[in-house]
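In what follows, a single structure is set out as structure tokens and then discussed.
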Amino acid sequence: MSFEPKILAFLCNWCSYGAADMAGTSRLQYPSNIRIIRFMCSGRIDPNFVIEAFLRGADGVMITGCHIGDCHYIDGNYKTVHRYEFLKEYLDTLGIGSERLTLEWCSAAEGMKFSQKVTEFTERIRKLGPSPIKGDEQ
Amino acid sequence: MNSKSFWGWSSTEALREGGESGGFVTSFLESIVGKYDNILAVRKTGTVFEGAVMSIDSKEDAIKTQGALHAVCMELSHYIKKGERTAIVLKPCDARAVIENMKRNHVERENVLLIGLNCGGTLPPVDTMRFIDNYFELAPEDIVKEEIAKGKIIFKTTSGKEFWKTIDEIEEEGFGRRENCRYCDVKIPSMCDIACGNWGTPAGKNITFVEVFTENGNNALEQAVREGFINVGEPSEKMIAVRSKINGIMKKMAGGWNKRIIGRLRNMPNEERLAYIKNVLSPCIACYACRKACPVCKCGDDCKCMQMDPDDSLPISIFHSIRLLHLTESCIGCGNCSDVCPVDIPLAHLHQLFARNYEKKTGYKPGMSIEDIPPLSRGDLPEGY
Ligand code: SF4
Ligand code: SF4
Ligand code: SF4
Ligand code: FES
């Protein structure tokens with residue numbers, strides 16, 4: 001059976017969820033490998049959510065938020081950036097590899113960008129293969 | 001302030017003879033009795049392999065804390081209470097833990113006087129007793145003094161005899177300092193108010209080299225001198241150089257162990273390292289002792305990691321992955337977690353692997369100064385975004 005990556009995407013409510021919506025209403029195609037979880041702000045994403053996603057079988061995790069300067073809570077996404085940099089190092093140290101995590105900014109008008117980024121990331125994870133931390137039953 | 005260096009020794013002849021390196025710390029403690037709500041130090045109990053934390057209320061108490069204990073690995077930062085003016089004698093890792101607790105508002109900097117001791121490492125008591133039995137056929141109660149000096153670990157017996165081996169020899173045989181002490185790279189506790197040690201003192205002179213880092217430390221020292229507890233002198237240029245040379249040698253040794261222990265993990269291919277971490281954590285029996293013994297984890301029993309079962313069925317438990325996450329930014333490498341684990345999981349080197357990699361990336365080293373804000377708590381926008 002060919003490998004179908006499982007990707008968990010954390011989207012902020014105000015811009016990137018809007019972008020996903022836009023992609024949908026514009027009937028843009030993107031791979032159905034992603035499962036979306038909506039947060040009020042990308043700054044709400046605890047690094048542990050990302051690690052737990054991997055522990056529970058995700059092959060890749062995508063974090064999206066409003067562009068810098070556009071965060072609904074002013075600087076929530078500054079925190080996202082620090083955590084993203086932290087998580088990349090963590091994933092490399094743990095041995096999962098930072099390339100399985102990505103951060104993208106998408107405004108509510110960027111449905112096209114959203115669908116492109118999802119497609120690119122899915123292809124990246126497909127090439128990388130299943131996450132090395134997956135348990136046998138996952 | 002810029003740091004200042006002194007030679008110091010006790011004004012009391014008996015303490016100068018009996019204390020470690022001229023009884024400086026003992027007499028310094030005598031001088032501050034009554035000036036703090038709580039004065040904490042470790043004292044011997046029974047053998048040199050056992051110590052107890054002591055709250056010093058009188059000059060007699062201070063005298064009971066005489067002498068160094070290398071084969072006792074106690075962590076004192078747990079005993080500092082918020083709102084209490086506390087003076088405490090501690091080694092670099094304990095002091096770094098206190099600094100981390102200050103950053104998290106568990107302790108107030110202005111309430112605490114940190115009396116640091118230089119540290120070349122501590123010995124695990126049980127292994128060390130086994131070692132002296134195996135190699136010298138001595139019983140723990142035969143030892144009246146142990147010492148780490150000039151690259152050797154020295155044991156003195158009741159009959160006045162000395163037994164020693166070089167640190168290198170002992171450690172190649174699997175004994176010696178705790179693993180975390182071998183690669184620990186903070187040997188002079190510059191985050192304290194004052195740092196004391198015997199590096200940079202003339203042999204046989206019973207003197208302590210004291211480096212003063214803060215106004216608070218300076219005031220306390222000046223007062224101790226004024227009130228006649230302590231004598232101070234100016235160290236020679238030559239001995240200042242000797243001290244930094246010894247510090248350099250210790251750090252170089254630590255660098256070598258860092259390569260061997262942390263570097264080995266760092267250089268493994270990703271999959272191998274992941275498998276190592278998974279396997280090494282798998283015997284965990286979910287006792288939470290590592291979490292409770294950790295001096296930088298101070299969220300209390302309501303912390304989210306305490307709600308997680310270390311024995312869930314995930315590849316790495318959520319409990320351990322949260323701890324690995326949180327300590328990446330704050331592990332100061334004290335080794336307590338490894339010391340207390342009942343199934344001997346080498347937790348400290350895992351946490352240090354994460355912390356040291358993060359330090360490499362960000363330049364942030366926990367426990368060095370309350371001015372250093374952990375990257376995850378900074379509100380700025382990092383470069384490149
Ligand atoms: S970890 Fe460092 S400071 Fe702590 S006891 Fe070991 S050598 Fe000393
Ligand atoms: S994780 Fe272990 S080595 Fe690090 S600070 Fe906590 S107890 Fe000490
Ligand atoms: S001390 Fe050891 S056995 Fe206990 S929870 Fe920690 S890792 Fe598990
Ligand atoms: S609301 Fe979108 S990143 Fe904060």
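A note on labels: chains of the structure tokens are A, B, ... as shown, every chain counts residues from 1, and ligands are counted from 1 in their shown order.
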**Nearby polymer residues, ligand 4, at most 9 Å, only C-alpha atoms and all ligand atoms, as number ranges by chain** = A: 11-17, 39-44, 64-68, 70-78, 80, 105-107
**Message:** According to DSSP computed on the backbone, where in range 1-107 of chain A is there strand (DSSP E or B)? Give the residues as a PyMOL selection string.
**Reply:** chain A and resi 7-12+34-39+60-65+101-105
**Request:** Taking only C-alpha atoms and all ligand atoms into account, report as a VMD selection string which residues have an atom no farther than 9 Å from an atom of ligand 3.
**Result:** chain B and resid 281 to 293 310 to 311 319 to 320 337 to 347
**Message:** When you look at Asp57 in chain B with a cut-off of 12 Å (counting only C-alpha atoms), what residues show up, excluding the ones that are within fewer than 3 positions of it in the same chain? I need them as a PyMOL selection string.
**Reply:** chain B and resi 29-41+54+60-64+86-87
**Message:** Residues of chain B within 8 Å of chain A, counting only C-alpha atoms - could you list those as a ChimeraX atom specification?
**Reply:** /B:266,269-274,277,314-316,318,321-322,325,328,353-354,357-358,361,375-376,378-382,385
**Request:** Pick out the residues no farther than 10 Å from ligand 1, counting only C-alpha atoms and all ligand atoms, and list them as a PyMOL selection string.
**Result:** chain B and resi 70-75+90-96+116-123+177-189+250+254+332-336+348
**Complete:** From CA of Ile249 in chain B to CA of Met129 in chain B the spacing works out at 27.1 Å
**Asked** What lies within 12 Å of Lys298 in chain B using only C-alpha atoms, ignoring chain neighbours under 5 positions off, as JSON, numbers by chain?
**Response** {"B": [77, 78, 80, 81, 97, 98, 100, 101, 102, 103, 104, 105, 106, 107, 291, 292, 293, 303, 304, 305, 306, 326, 327, 330]}
**Item:** Nearest to ligand 2 by atom-to-atom distance, counting only C-alpha atoms and all ligand atoms, from B:Cys196, B:Ala224, B:Leu76, B:Cys294
**Value:**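 For ligand 2, the nearest of the given residues is B:Cys294.
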**Request:** Please identify all polymer residues within 9 Å of Glu110 in chain A, counting only C-alpha atoms, omitting same-chain residues fewer than 6 positions from it, and present them as a list in words.
**Result:** Cys15, Ser16, Gly18, Ala19, Ala20, Met22 and Ala23 of chain A
**Item:** Residue with smallest distance to ligand 2 - pool B:Glu371, B:Glu141, B:Glu329, B:Glu17, counting only C-alpha atoms and all ligand atoms
**Value:**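 Distance minimum relative to ligand 2 lands on B:Glu329.
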**Request:** For Gly200 in chain B, list every protein, DNA or RNA residue within 7 Å, evaluated using only C-alpha atoms, and leave out those in the same chain fewer than 2 positions away; present the list as a ChimeraX atom specification.
**Result:** /B:198,202,209,239-240,242-243
**Prompt:** With only C-alpha atoms and all ligand atoms as the atoms that count, which of B:Asn216, B:Ser369, B:Gln352, B:Ser236 lies nearest to ligand 2?
**Reply:**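 Smallest separation from ligand 2 among the options: B:Gln352.
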**Prompt:** For the atom pair CA of Gly22 in chain B and CA of Thr201 in chain B, what is the interatomic distance in Å to one decimal place?
**Reply:**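 Separation of CA of Gly22 in chain B and CA of Thr201 in chain B: 10.5 Å.
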**Item:** Closest of B:Glu383, B:Leu350, B:Glu173, B:Gly248 to ligand 2 - atom-to-atom distances counting only C-alpha atoms and all ligand atoms
**Value:**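 Among the listed residues, the smallest separation from ligand 2 belongs to B:Leu350.
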**Prompt:** Nearest to Trp9 in chain B: which of B:Leu265, B:Ile207, B:Ile246, B:Met253 is it, counting only C-alpha atoms?
**Reply:**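 Using only C-alpha atoms, the shortest distance to Trp9 in chain B belongs to B:Ile207.
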